[in-house]
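As stored in upload_1.cif (mmCIF, C-alpha atoms):
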```cif
data_query
#
loop_
_atom_site.label_atom_id
_atom_site.label_comp_id
_atom_site.auth_asym_id
_atom_site.auth_seq_id
_atom_site.Cartn_x
_atom_site.Cartn_y
_atom_site.Cartn_z
CA MET A 1 0.58 1.16 -31.62
CA ALA A 2 -0.22 2.79 -28.29
CA ARG A 3 -1.07 0.99 -25.06
CA ILE A 4 -4.38 2.20 -23.61
CA ILE A 5 -4.57 2.27 -19.80
CA VAL A 6 -7.80 2.94 -17.91
CA VAL A 7 -7.59 4.19 -14.34
CA THR A 8 -10.84 3.13 -12.72
CA SER A 9 -12.45 2.23 -9.39
CA GLY A 10 -16.22 2.46 -9.43
CA LYS A 11 -16.24 4.41 -6.19
CA GLY A 12 -15.49 8.13 -6.16
CA GLY A 13 -12.81 9.85 -4.13
CA VAL A 14 -10.37 6.95 -3.94
CA GLY A 15 -7.60 8.60 -5.99
CA LYS A 16 -8.29 7.94 -9.67
CA THR A 17 -7.37 11.42 -10.87
CA THR A 18 -4.36 11.65 -8.53
CA THR A 19 -3.21 8.30 -9.91
CA SER A 20 -3.88 9.21 -13.56
CA ALA A 21 -1.89 12.43 -13.16
CA ALA A 22 0.97 10.69 -11.38
CA ILE A 23 1.39 7.70 -13.68
CA SER A 24 1.02 9.70 -16.90
CA MET A 25 3.68 12.11 -15.66
CA GLY A 26 5.84 9.16 -14.59
CA LEU A 27 5.58 7.47 -17.99
CA ALA A 28 6.42 10.72 -19.79
CA LYS A 29 9.37 11.40 -17.46
CA LYS A 30 10.68 7.94 -18.37
CA GLY A 31 10.81 9.10 -21.97
CA HIS A 32 7.52 7.73 -23.32
CA LYS A 33 5.20 10.02 -25.24
CA THR A 34 2.02 9.96 -23.16
CA VAL A 35 -1.43 11.55 -23.26
CA VAL A 36 -3.87 11.60 -20.36
CA ILE A 37 -7.60 11.97 -21.07
CA ASP A 38 -10.23 13.17 -18.61
CA PHE A 39 -13.48 11.22 -19.17
CA ASP A 40 -15.38 12.97 -16.38
CA VAL A 41 -17.58 15.16 -18.58
CA GLY A 42 -19.39 17.77 -16.51
CA LEU A 43 -17.05 17.40 -13.52
CA ARG A 44 -13.58 17.77 -14.97
CA ASN A 45 -10.75 17.94 -12.47
CA LEU A 46 -7.71 16.45 -14.11
CA ASP A 47 -6.81 19.92 -15.46
CA LEU A 48 -6.61 21.22 -11.88
CA ILE A 49 -4.47 18.33 -10.66
CA MET A 50 -2.15 18.77 -13.65
CA GLY A 51 -2.09 22.55 -13.13
CA CYS A 52 -3.26 23.46 -16.63
CA GLU A 53 -6.80 24.68 -15.83
CA ARG A 54 -6.19 28.15 -17.24
CA ARG A 55 -4.95 26.82 -20.55
CA VAL A 56 -8.07 24.80 -21.42
CA VAL A 57 -9.61 26.13 -24.64
CA TYR A 58 -11.17 23.10 -26.33
CA ASP A 59 -12.14 19.75 -24.82
CA ILE A 60 -12.91 16.16 -25.79
CA ILE A 61 -16.54 16.93 -26.67
CA ASN A 62 -15.45 19.71 -29.04
CA VAL A 63 -13.24 17.16 -30.79
CA ILE A 64 -16.02 14.56 -30.98
CA ASN A 65 -18.41 17.17 -32.38
CA GLU A 66 -15.72 18.30 -34.83
CA GLU A 67 -15.73 21.85 -33.47
CA ALA A 68 -11.98 21.63 -32.89
CA SER A 69 -9.15 19.43 -34.07
CA LEU A 70 -7.44 17.03 -31.70
CA ASN A 71 -4.24 19.10 -31.82
CA GLN A 72 -6.16 22.24 -30.86
CA ALA A 73 -7.62 20.51 -27.81
CA LEU A 74 -4.43 18.83 -26.56
CA ILE A 75 -2.53 20.78 -23.89
CA LYS A 76 1.23 20.34 -23.57
CA ASP A 77 2.25 19.79 -19.97
CA LYS A 78 4.30 22.58 -18.36
CA ASN A 79 6.71 20.16 -16.63
CA CYS A 80 7.31 17.60 -19.32
CA ASN A 81 7.06 18.10 -23.07
CA LEU A 82 6.38 14.41 -23.74
CA LEU A 83 3.08 14.66 -21.84
CA SER A 84 -0.21 16.02 -23.20
CA ILE A 85 -3.60 16.45 -21.56
CA LEU A 86 -7.00 16.14 -23.23
CA PRO A 87 -9.50 17.81 -20.89
CA ALA A 88 -13.14 16.89 -20.38
CA SER A 89 -15.92 19.33 -21.08
CA GLN A 90 -17.18 21.17 -18.03
CA THR A 91 -20.59 22.16 -19.31
CA ARG A 92 -22.04 19.46 -21.49
CA ASN A 93 -23.96 16.38 -20.67
CA LYS A 94 -22.14 13.06 -20.27
CA ASP A 95 -24.20 11.57 -23.10
CA ALA A 96 -22.26 13.73 -25.54
CA LEU A 97 -19.50 11.12 -25.27
CA THR A 98 -20.13 8.52 -27.96
CA GLN A 99 -18.42 5.21 -28.52
CA GLU A 100 -17.71 6.08 -32.12
CA GLY A 101 -16.31 9.49 -31.20
CA VAL A 102 -14.06 8.12 -28.45
CA GLY A 103 -12.91 5.28 -30.69
CA LYS A 104 -11.86 7.75 -33.39
CA ILE A 105 -9.96 9.94 -30.94
CA LEU A 106 -8.09 6.97 -29.47
CA GLU A 107 -7.21 5.71 -32.92
CA GLU A 108 -5.77 9.08 -33.89
CA LEU A 109 -3.87 9.43 -30.60
CA SER A 110 -2.47 5.91 -31.02
CA LYS A 111 -0.49 7.07 -34.04
CA GLU A 112 1.37 9.69 -32.06
CA PHE A 113 1.58 8.48 -28.46
CA LYS A 114 3.04 5.42 -26.76
CA TYR A 115 0.70 5.44 -23.76
CA ILE A 116 -2.87 6.71 -23.50
CA VAL A 117 -4.10 7.05 -19.92
CA CYS A 118 -7.89 7.27 -19.51
CA ASP A 119 -9.00 8.86 -16.24
CA SER A 120 -12.42 7.30 -15.61
CA PRO A 121 -15.21 9.07 -13.75
CA ALA A 122 -16.76 7.35 -10.72
CA GLY A 123 -19.81 5.19 -11.25
CA ILE A 124 -20.68 2.78 -14.03
CA GLU A 125 -22.41 5.15 -16.44
CA GLN A 126 -21.48 6.13 -20.00
CA GLY A 127 -18.27 8.06 -19.11
CA ALA A 128 -16.89 5.18 -17.05
CA HIS A 129 -17.99 2.66 -19.65
CA LEU A 130 -16.24 4.46 -22.51
CA ALA A 131 -13.10 5.11 -20.45
CA MET A 132 -12.67 1.34 -20.04
CA TYR A 133 -14.18 0.08 -23.31
CA PHE A 134 -11.06 0.35 -25.49
CA ALA A 135 -8.50 -0.38 -22.74
CA ASP A 136 -5.59 -2.81 -22.92
CA ASP A 137 -4.66 -2.45 -19.24
CA ALA A 138 -6.79 -1.47 -16.24
CA PHE A 139 -5.38 0.09 -13.09
CA ILE A 140 -7.94 -0.57 -10.35
CA VAL A 141 -7.58 2.11 -7.67
CA THR A 142 -8.89 0.82 -4.35
CA ASN A 143 -8.92 2.04 -0.75
CA PRO A 144 -8.65 -0.53 2.05
CA GLU A 145 -12.29 0.03 2.89
CA VAL A 146 -15.43 -2.09 2.36
CA SER A 147 -17.35 0.04 -0.14
CA SER A 148 -14.30 0.68 -2.28
CA VAL A 149 -13.37 -3.04 -2.47
CA ARG A 150 -16.95 -3.98 -3.32
CA ASP A 151 -17.11 -1.39 -6.11
CA SER A 152 -13.75 -2.51 -7.47
CA ASP A 153 -15.07 -6.05 -7.69
CA ARG A 154 -18.08 -4.77 -9.62
CA ILE A 155 -15.79 -2.92 -12.03
CA LEU A 156 -13.76 -6.09 -12.58
CA GLY A 157 -16.96 -7.81 -13.64
CA LEU A 158 -17.65 -5.05 -16.17
CA LEU A 159 -14.09 -5.09 -17.52
CA SER A 160 -14.42 -8.78 -18.30
CA SER A 161 -17.85 -8.50 -19.93
CA LYS A 162 -18.48 -5.02 -21.33
CA SER A 163 -15.18 -4.08 -22.96
CA GLN A 164 -14.18 -4.25 -26.60
CA ARG A 165 -11.72 -7.05 -25.85
CA ALA A 166 -14.49 -9.04 -24.16
CA GLU A 167 -16.97 -8.44 -26.98
CA LYS A 168 -14.47 -9.38 -29.68
CA ASN A 169 -13.33 -12.43 -27.70
CA GLU A 170 -9.76 -11.14 -27.61
CA GLU A 171 -7.21 -11.54 -24.84
CA PRO A 172 -8.80 -9.96 -21.75
CA ILE A 173 -7.81 -6.56 -20.34
CA LYS A 174 -4.84 -6.90 -17.98
CA GLU A 175 -5.98 -5.86 -14.52
CA TYR A 176 -3.68 -4.34 -11.90
CA LEU A 177 -4.30 -3.21 -8.33
CA ILE A 178 -3.18 0.11 -6.90
CA LEU A 179 -4.07 0.25 -3.22
CA THR A 180 -4.20 3.86 -2.06
CA ARG A 181 -4.51 5.70 1.27
CA TYR A 182 -2.88 2.75 3.05
CA ALA A 183 -2.01 3.24 6.73
CA PRO A 184 0.23 0.37 7.93
CA GLU A 185 -0.15 1.35 11.60
CA ARG A 186 -3.92 1.08 11.37
CA VAL A 187 -3.61 -2.25 9.58
CA LYS A 188 -1.39 -3.51 12.39
CA SER A 189 -3.88 -2.50 15.03
CA GLY A 190 -6.68 -4.26 13.14
CA GLU A 191 -8.59 -1.11 12.22
CA MET A 192 -7.95 -1.31 8.49
CA LEU A 193 -8.15 -4.06 5.86
CA SER A 194 -4.64 -5.25 5.01
CA LEU A 195 -3.23 -5.66 1.52
CA ASP A 196 -3.66 -9.43 1.93
CA ASP A 197 -7.31 -9.00 2.96
CA VAL A 198 -7.99 -6.95 -0.17
CA GLN A 199 -6.07 -9.39 -2.35
CA ASP A 200 -7.99 -12.36 -0.90
CA ILE A 201 -11.07 -10.81 -2.45
CA LEU A 202 -9.80 -9.14 -5.63
CA SER A 203 -6.68 -11.26 -6.43
CA LEU A 204 -5.07 -8.87 -8.91
CA ASP A 205 -1.51 -8.18 -9.98
CA LEU A 206 -0.27 -5.65 -7.44
CA LEU A 207 1.31 -2.58 -9.03
CA GLY A 208 1.85 -0.85 -5.72
CA VAL A 209 0.59 0.51 -2.44
CA ILE A 210 0.32 4.28 -1.95
CA PRO A 211 0.60 5.24 1.71
CA GLU A 212 -1.80 7.78 3.21
CA SER A 213 0.23 10.94 2.77
CA LYS A 214 0.00 14.68 3.32
CA SER A 215 1.94 15.22 0.12
CA VAL A 216 -1.07 14.24 -2.03
CA LEU A 217 -3.06 17.28 -0.86
CA THR A 218 -0.01 19.55 -1.09
CA ALA A 219 0.50 18.39 -4.67
CA SER A 220 -3.10 19.03 -5.68
CA ASN A 221 -3.01 22.45 -3.98
CA SER A 222 -0.18 23.50 -6.26
CA GLY A 223 -1.30 21.64 -9.40
CA ASN A 224 1.76 19.42 -9.69
CA PRO A 225 1.28 15.64 -9.89
CA VAL A 226 2.53 14.12 -6.63
CA ILE A 227 5.07 11.94 -8.47
CA LEU A 228 7.15 15.10 -9.03
CA ASP A 229 7.58 15.40 -5.26
CA GLU A 230 10.34 12.84 -5.16
CA LYS A 231 11.01 13.36 -1.48
CA SER A 232 7.48 12.34 -0.48
CA ASP A 233 6.48 8.75 0.26
CA ALA A 234 3.47 8.94 -2.09
CA GLY A 235 5.65 10.39 -4.86
CA GLN A 236 8.16 7.58 -4.46
CA ALA A 237 5.41 4.98 -4.33
CA TYR A 238 4.01 6.22 -7.67
CA GLY A 239 7.53 6.23 -9.09
CA ASP A 240 7.86 2.56 -8.14
CA ILE A 241 4.48 1.80 -9.74
CA VAL A 242 5.51 3.31 -13.07
CA ALA A 243 8.82 1.44 -12.97
CA ARG A 244 7.06 -1.87 -12.20
CA TYR A 245 4.54 -1.32 -14.98
CA LEU A 246 7.45 -0.80 -17.37
CA GLY A 247 8.93 -4.12 -16.29
CA GLU A 248 11.45 -3.13 -13.63
CA THR A 249 11.58 -5.05 -10.36
CA ARG A 250 11.20 -2.83 -7.33
CA PRO A 251 10.68 -3.94 -3.73
CA HIS A 252 7.43 -2.82 -2.11
CA ARG A 253 8.53 -0.15 0.35
CA PHE A 254 5.25 1.10 1.74
CA ILE A 255 3.36 -1.99 2.89
CA GLU A 256 5.09 -2.05 6.25
CA GLY A 257 5.07 1.21 8.21
CA LYS A 258 8.18 2.94 9.42
CA LYS A 259 9.37 1.55 12.72
CA GLY A 260 9.46 4.02 15.58
CA LEU A 261 12.09 3.99 18.31
CA PHE A 262 9.74 2.24 20.72
CA ARG A 263 9.02 -0.57 18.28
CA LYS A 264 12.69 -0.89 17.37
CA LEU A 265 13.54 -1.39 21.03
CA PHE A 266 10.73 -3.69 21.98
CA GLY A 267 10.21 -5.50 18.67
CA GLY A 268 6.81 -6.43 17.32
CA GLY A 269 4.92 -5.24 14.30
CA MET B 1 5.70 -12.82 20.12
CA SER B 2 7.06 -9.56 21.44
CA LEU B 3 6.57 -7.53 24.55
CA LEU B 4 4.13 -5.25 22.75
CA ASP B 5 1.78 -8.13 21.94
CA TYR B 6 0.93 -8.56 25.62
CA PHE B 7 -0.68 -5.15 25.65
CA ARG B 8 -2.68 -5.65 22.48
CA THR B 9 -6.36 -6.31 22.82
CA SER B 10 -7.47 -9.75 21.75
CA LYS B 11 -11.05 -8.93 20.78
CA THR B 12 -12.07 -9.31 17.13
CA SER B 13 -10.76 -6.37 15.13
CA SER B 14 -13.00 -4.25 12.97
CA ALA B 15 -10.84 -5.09 9.94
CA SER B 16 -11.54 -8.81 10.24
CA LEU B 17 -15.24 -8.07 10.53
CA ALA B 18 -14.97 -5.94 7.39
CA LYS B 19 -13.25 -8.75 5.52
CA GLU B 20 -15.84 -11.30 6.55
CA ARG B 21 -18.73 -9.06 5.46
CA LEU B 22 -17.02 -8.34 2.15
CA GLN B 23 -16.33 -11.97 1.35
CA ILE B 24 -19.97 -12.93 1.83
CA LEU B 25 -21.25 -9.96 -0.15
CA VAL B 26 -18.80 -10.27 -3.03
CA ALA B 27 -19.45 -14.01 -3.40
CA TYR B 28 -23.17 -13.33 -3.59
CA GLU B 29 -22.84 -10.44 -6.03
CA ARG B 30 -20.47 -12.33 -8.32
CA SER B 31 -22.91 -15.20 -8.64
CA SER B 32 -25.89 -12.93 -9.17
CA THR B 33 -24.32 -10.74 -11.86
CA ASN B 34 -23.48 -13.77 -13.97
CA GLN B 35 -26.92 -15.32 -13.82
CA PRO B 36 -29.59 -14.96 -16.50
CA PRO B 37 -32.30 -12.39 -15.70
CA TYR B 38 -35.10 -14.97 -15.35
CA LEU B 39 -33.42 -16.85 -12.49
CA PRO B 40 -34.83 -14.91 -9.48
CA GLN B 41 -38.37 -15.23 -10.90
CA LEU B 42 -37.87 -18.95 -11.53
CA GLN B 43 -36.63 -19.42 -7.98
CA GLN B 44 -39.63 -17.55 -6.59
CA GLU B 45 -42.16 -19.62 -8.54
CA LEU B 46 -40.48 -22.93 -7.75
CA LEU B 47 -40.52 -22.06 -4.09
CA ILE B 48 -44.26 -21.37 -4.18
CA VAL B 49 -44.89 -24.80 -5.72
CA ILE B 50 -42.69 -26.57 -3.17
CA GLN B 51 -44.32 -24.73 -0.29
CA LYS B 52 -47.68 -26.19 -1.37
CA TYR B 53 -46.44 -29.62 -0.29
CA VAL B 54 -43.63 -29.07 2.18
CA ASN B 55 -43.22 -26.42 4.79
CA VAL B 56 -39.88 -24.90 3.79
CA ASN B 57 -38.38 -21.52 4.51
CA CYS B 58 -37.77 -18.90 1.84
CA ASP B 59 -34.05 -19.19 2.38
CA ALA B 60 -34.08 -22.99 2.24
CA MET B 61 -33.53 -23.01 -1.49
CA THR B 62 -30.44 -22.15 -3.48
CA ILE B 63 -30.35 -22.09 -7.23
CA LYS B 64 -27.21 -22.11 -9.33
CA LEU B 65 -26.64 -22.05 -13.04
CA GLU B 66 -23.29 -23.29 -14.22
CA GLN B 67 -21.92 -23.04 -17.72
CA ASN B 68 -19.37 -25.45 -19.09
CA ASP B 69 -18.04 -25.61 -22.62
CA ASN B 70 -21.05 -27.19 -24.22
CA GLN B 71 -23.69 -27.54 -21.52
CA GLU B 72 -25.52 -25.60 -18.86
CA THR B 73 -26.46 -27.16 -15.55
CA LEU B 74 -29.18 -25.83 -13.31
CA GLU B 75 -28.52 -26.89 -9.75
CA LEU B 76 -31.38 -26.71 -7.31
CA ASN B 77 -30.78 -27.30 -3.63
CA ILE B 78 -33.69 -27.46 -1.16
CA VAL B 79 -33.17 -28.02 2.52
CA LEU B 80 -36.20 -29.88 3.89
CA PRO B 81 -37.20 -29.37 7.52
CA ASP B 82 -36.06 -31.98 10.02
CA PHE B 83 -39.19 -34.14 10.60
CA ARG B 84 -37.77 -36.06 13.52
CA ARG B 85 -37.71 -33.00 15.68
CA VAL B 86 -41.16 -31.75 14.73
#
```

Same coordinates, now as structure tokens:
Amino acid sequence: MARIIVVTSGKGGVGKTTTSAAISMGLAKKGHKTVVIDFDVGLRNLDLIMGCERRVVYDIINVINEEASLNQALIKDKNCNLLSILPASQTRNKDALTQEGVGKILEELSKEFKYIVCDSPAGIEQGAHLAMYFADDAFIVTNPEVSSVRDSDRILGLLSSKSQRAEKNEEPIKEYLILTRYAPERVKSGEMLSLDDVQDILSLDLLGVIPESKSVLTASNSGNPVILDEKSDAGQAYGDIVARYLGETRPHRFIEGKKGLFRKLFGGG
Amino acid sequence: MSLLDYFRTSKTSSASLAKERLQILVAYERSSTNQPPYLPQLQQELLIVIQKYVNVNCDAMTIKLEQNDNQETLELNIVLPDFRRV
């Protein structure tokens, strides 16, 4: 039986797709057969971040409408053969996603894969609803910024009331926090909400903090998930997140900023 | 306390302002998303009745519905004006 993970946030532009690409690649690299699904029908982007945009033939809507089989629509990743991508449709309306259709796809994928990562669209409409509906675990991607934290809180409310687990009165979805675009220097100078500030409001299990990093843009430019850039801080931070999710203990390396020479000499921070 | 701290400004940081605003907002939104849909209307109508007899502000009333295992409690809190000072 597969574990279904939804990567969600409510707010757009906080790093859901970057995170989905990174953790699915990380899980596959650790030897687990993984599939990542783009639920953003009409605005698909996961294919670009994964670097498989030119190999998309069929998409999730084709599978739901039985115009293609699941195996025809799945794209094998170029970097890791244990990873597959199910792209969203670029042209059709979001309403083409149905609960029954998505449920069937997930059931079929569950037979073959260990982890199913659902990349949710922004907002709280049908696509976002169905991305989270069948989930076992939720990765809440949040920026240390007021609107993002507020939207995350809203999403937490929906996870606990509008999911299959909630409706069937089963054990609730396990919720984890991934705090992205974190700038320790700005936190220190009081310009940015700290991890503790965010946790005071959301109080979730922390999977990890992703530092604000140039490597994220470089990775998306080339279509390689940032976790493959093992020299970069963001790549390492995602590596730690995958390891923690799989039960390893890793120290949090990116909550405190690097100390400069000046700080080392004079202390503080 | 280090040498650097002496040069730091002591005025309220924008992050602490952000946190304060968020805490208020989130507390309000959490309570309002869990309430039944008729509650705002009920509050409005109750207020109109009370205002017939006592001069209270619109924000002088809070209404809260709590659910326990086998009962629901409707808590109504009205702050009456201070007569001694009027």

Checklist entry - Given a cut-off of 12 Å, which residues of chain A touch chain B, counting only C-alpha atoms, written out as number ranges by chain? => result A: 144-158, 160-161, 186-202, 262-269

Output C-alpha atoms for every residue in that selection, as an mmCIF file, keeping the file's coordinate frame.
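To be explicit, this is the file written out as result.cif:
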```
data_model
loop_
_atom_site.group_PDB
_atom_site.id
_atom_site.type_symbol
_atom_site.label_atom_id
_atom_site.label_comp_id
_atom_site.auth_asym_id
_atom_site.auth_seq_id
_atom_site.Cartn_x
_atom_site.Cartn_y
_atom_site.Cartn_z
ATOM 1 C CA PRO A 144 -8.650 -0.530 2.050
ATOM 2 C CA GLU A 145 -12.290 0.030 2.890
ATOM 3 C CA VAL A 146 -15.430 -2.090 2.360
ATOM 4 C CA SER A 147 -17.350 0.040 -0.140
ATOM 5 C CA SER A 148 -14.300 0.680 -2.280
ATOM 6 C CA VAL A 149 -13.370 -3.040 -2.470
ATOM 7 C CA ARG A 150 -16.950 -3.980 -3.320
ATOM 8 C CA ASP A 151 -17.110 -1.390 -6.110
ATOM 9 C CA SER A 152 -13.750 -2.510 -7.470
ATOM 10 C CA ASP A 153 -15.070 -6.050 -7.690
ATOM 11 C CA ARG A 154 -18.080 -4.770 -9.620
ATOM 12 C CA ILE A 155 -15.790 -2.920 -12.030
ATOM 13 C CA LEU A 156 -13.760 -6.090 -12.580
ATOM 14 C CA GLY A 157 -16.960 -7.810 -13.640
ATOM 15 C CA LEU A 158 -17.650 -5.050 -16.170
ATOM 16 C CA SER A 160 -14.420 -8.780 -18.300
ATOM 17 C CA SER A 161 -17.850 -8.500 -19.930
ATOM 18 C CA ARG A 186 -3.920 1.080 11.370
ATOM 19 C CA VAL A 187 -3.610 -2.250 9.580
ATOM 20 C CA LYS A 188 -1.390 -3.510 12.390
ATOM 21 C CA SER A 189 -3.880 -2.500 15.030
ATOM 22 C CA GLY A 190 -6.680 -4.260 13.140
ATOM 23 C CA GLU A 191 -8.590 -1.110 12.220
ATOM 24 C CA MET A 192 -7.950 -1.310 8.490
ATOM 25 C CA LEU A 193 -8.150 -4.060 5.860
ATOM 26 C CA SER A 194 -4.640 -5.250 5.010
ATOM 27 C CA LEU A 195 -3.230 -5.660 1.520
ATOM 28 C CA ASP A 196 -3.660 -9.430 1.930
ATOM 29 C CA ASP A 197 -7.310 -9.000 2.960
ATOM 30 C CA VAL A 198 -7.990 -6.950 -0.170
ATOM 31 C CA GLN A 199 -6.070 -9.390 -2.350
ATOM 32 C CA ASP A 200 -7.990 -12.360 -0.900
ATOM 33 C CA ILE A 201 -11.070 -10.810 -2.450
ATOM 34 C CA LEU A 202 -9.800 -9.140 -5.630
ATOM 35 C CA PHE A 262 9.740 2.240 20.720
ATOM 36 C CA ARG A 263 9.020 -0.570 18.280
ATOM 37 C CA LYS A 264 12.690 -0.890 17.370
ATOM 38 C CA LEU A 265 13.540 -1.390 21.030
ATOM 39 C CA PHE A 266 10.730 -3.690 21.980
ATOM 40 C CA GLY A 267 10.210 -5.500 18.670
ATOM 41 C CA GLY A 268 6.810 -6.430 17.320
ATOM 42 C CA GLY A 269 4.920 -5.240 14.300
#
```

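Across the model, the gap from CA of Asn70 in chain B to CA of Leu42 in chain B is 22.6 Å.
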
Next on the checklist: Could you tell me how far CA of Ile24 in chain B sits from CA of Val49 in chain B, in Å to one decimal place?
Outcome noted: 28.6 Å

Next on the checklist: For this structure, which residues satisfy the selection - the PyMOL selection byres ((chain A and resi 110) around 10) - when it is evaluated on the file as given? I want them as a PyMOL selection string.
Outcome noted: chain A and resi 1-4+34-35+104-109+111-116

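Between CA of Ile60 in chain A and CA of Thr8 in chain A the separation is 18.6 Å.
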
Can you pull out the residues contacting Ile140 in chain A? Cut-off 6 Å, using only C-alpha atoms, and skip same-chain residues under 4 positions away; I want them as a CSV table (one decimal) with C-alpha atoms, in the coordinates of the input.
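Dumped to out29.csv:
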```csv
chain,number,residue,atom,x,y,z
A,8,THR,CA,-10.8,3.1,-12.7
A,9,SER,CA,-12.4,2.2,-9.4
A,176,TYR,CA,-3.7,-4.3,-11.9
A,177,LEU,CA,-4.3,-3.2,-8.3
A,178,ILE,CA,-3.2,0.1,-6.9
```

Checklist entry - Any chance you could work out the residue set of the PyMOL selection byres ((chain B and resi 78-82) around 12) here, as a ChimeraX atom specification? => result /B:43,46-47,50-51,53-64,75-77,83-86

Checklist entry - If you count only C-alpha atoms, which residues fall within 8 Å of range 211-217 of chain A, apart from same-chain ones fewer than 5 positions away, as a VMD selection string? => result chain A and resid 18 180 to 184 226 229 232 to 235 237 254 to 255

Which residues, written as a PDB file with C-alpha atoms, in the coordinates of the input, have at least one atom at most 8 Å from range 36-43 of chain A, with all atoms listed in the file counted and residues fewer than 5 positions away on the same chain left out?
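Saved to out_2.pdb:
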```pdb
ATOM      1  CA  SER A  20      -3.880   9.210 -13.560  1.00  0.00           C
ATOM      2  CA  ALA A  21      -1.890  12.430 -13.160  1.00  0.00           C
ATOM      3  CA  SER A  24       1.020   9.700 -16.900  1.00  0.00           C
ATOM      4  CA  LEU A  83       3.080  14.660 -21.840  1.00  0.00           C
ATOM      5  CA  SER A  84      -0.210  16.020 -23.200  1.00  0.00           C
ATOM      6  CA  ILE A  85      -3.600  16.450 -21.560  1.00  0.00           C
ATOM      7  CA  LEU A  86      -7.000  16.140 -23.230  1.00  0.00           C
ATOM      8  CA  PRO A  87      -9.500  17.810 -20.890  1.00  0.00           C
ATOM      9  CA  ALA A  88     -13.140  16.890 -20.380  1.00  0.00           C
ATOM     10  CA  SER A  89     -15.920  19.330 -21.080  1.00  0.00           C
ATOM     11  CA  GLN A  90     -17.180  21.170 -18.030  1.00  0.00           C
ATOM     12  CA  THR A  91     -20.590  22.160 -19.310  1.00  0.00           C
ATOM     13  CA  ARG A  92     -22.040  19.460 -21.490  1.00  0.00           C
ATOM     14  CA  ASN A  93     -23.960  16.380 -20.670  1.00  0.00           C
ATOM     15  CA  LYS A  94     -22.140  13.060 -20.270  1.00  0.00           C
ATOM     16  CA  ILE A 116      -2.870   6.710 -23.500  1.00  0.00           C
ATOM     17  CA  VAL A 117      -4.100   7.050 -19.920  1.00  0.00           C
ATOM     18  CA  CYS A 118      -7.890   7.270 -19.510  1.00  0.00           C
ATOM     19  CA  ASP A 119      -9.000   8.860 -16.240  1.00  0.00           C
ATOM     20  CA  SER A 120     -12.420   7.300 -15.610  1.00  0.00           C
ATOM     21  CA  PRO A 121     -15.210   9.070 -13.750  1.00  0.00           C
ATOM     22  CA  GLY A 127     -18.270   8.060 -19.110  1.00  0.00           C
ATOM     23  CA  ALA A 128     -16.890   5.180 -17.050  1.00  0.00           C
ATOM     24  CA  ALA A 131     -13.100   5.110 -20.450  1.00  0.00           C
TER      25      ALA A 131
END
```
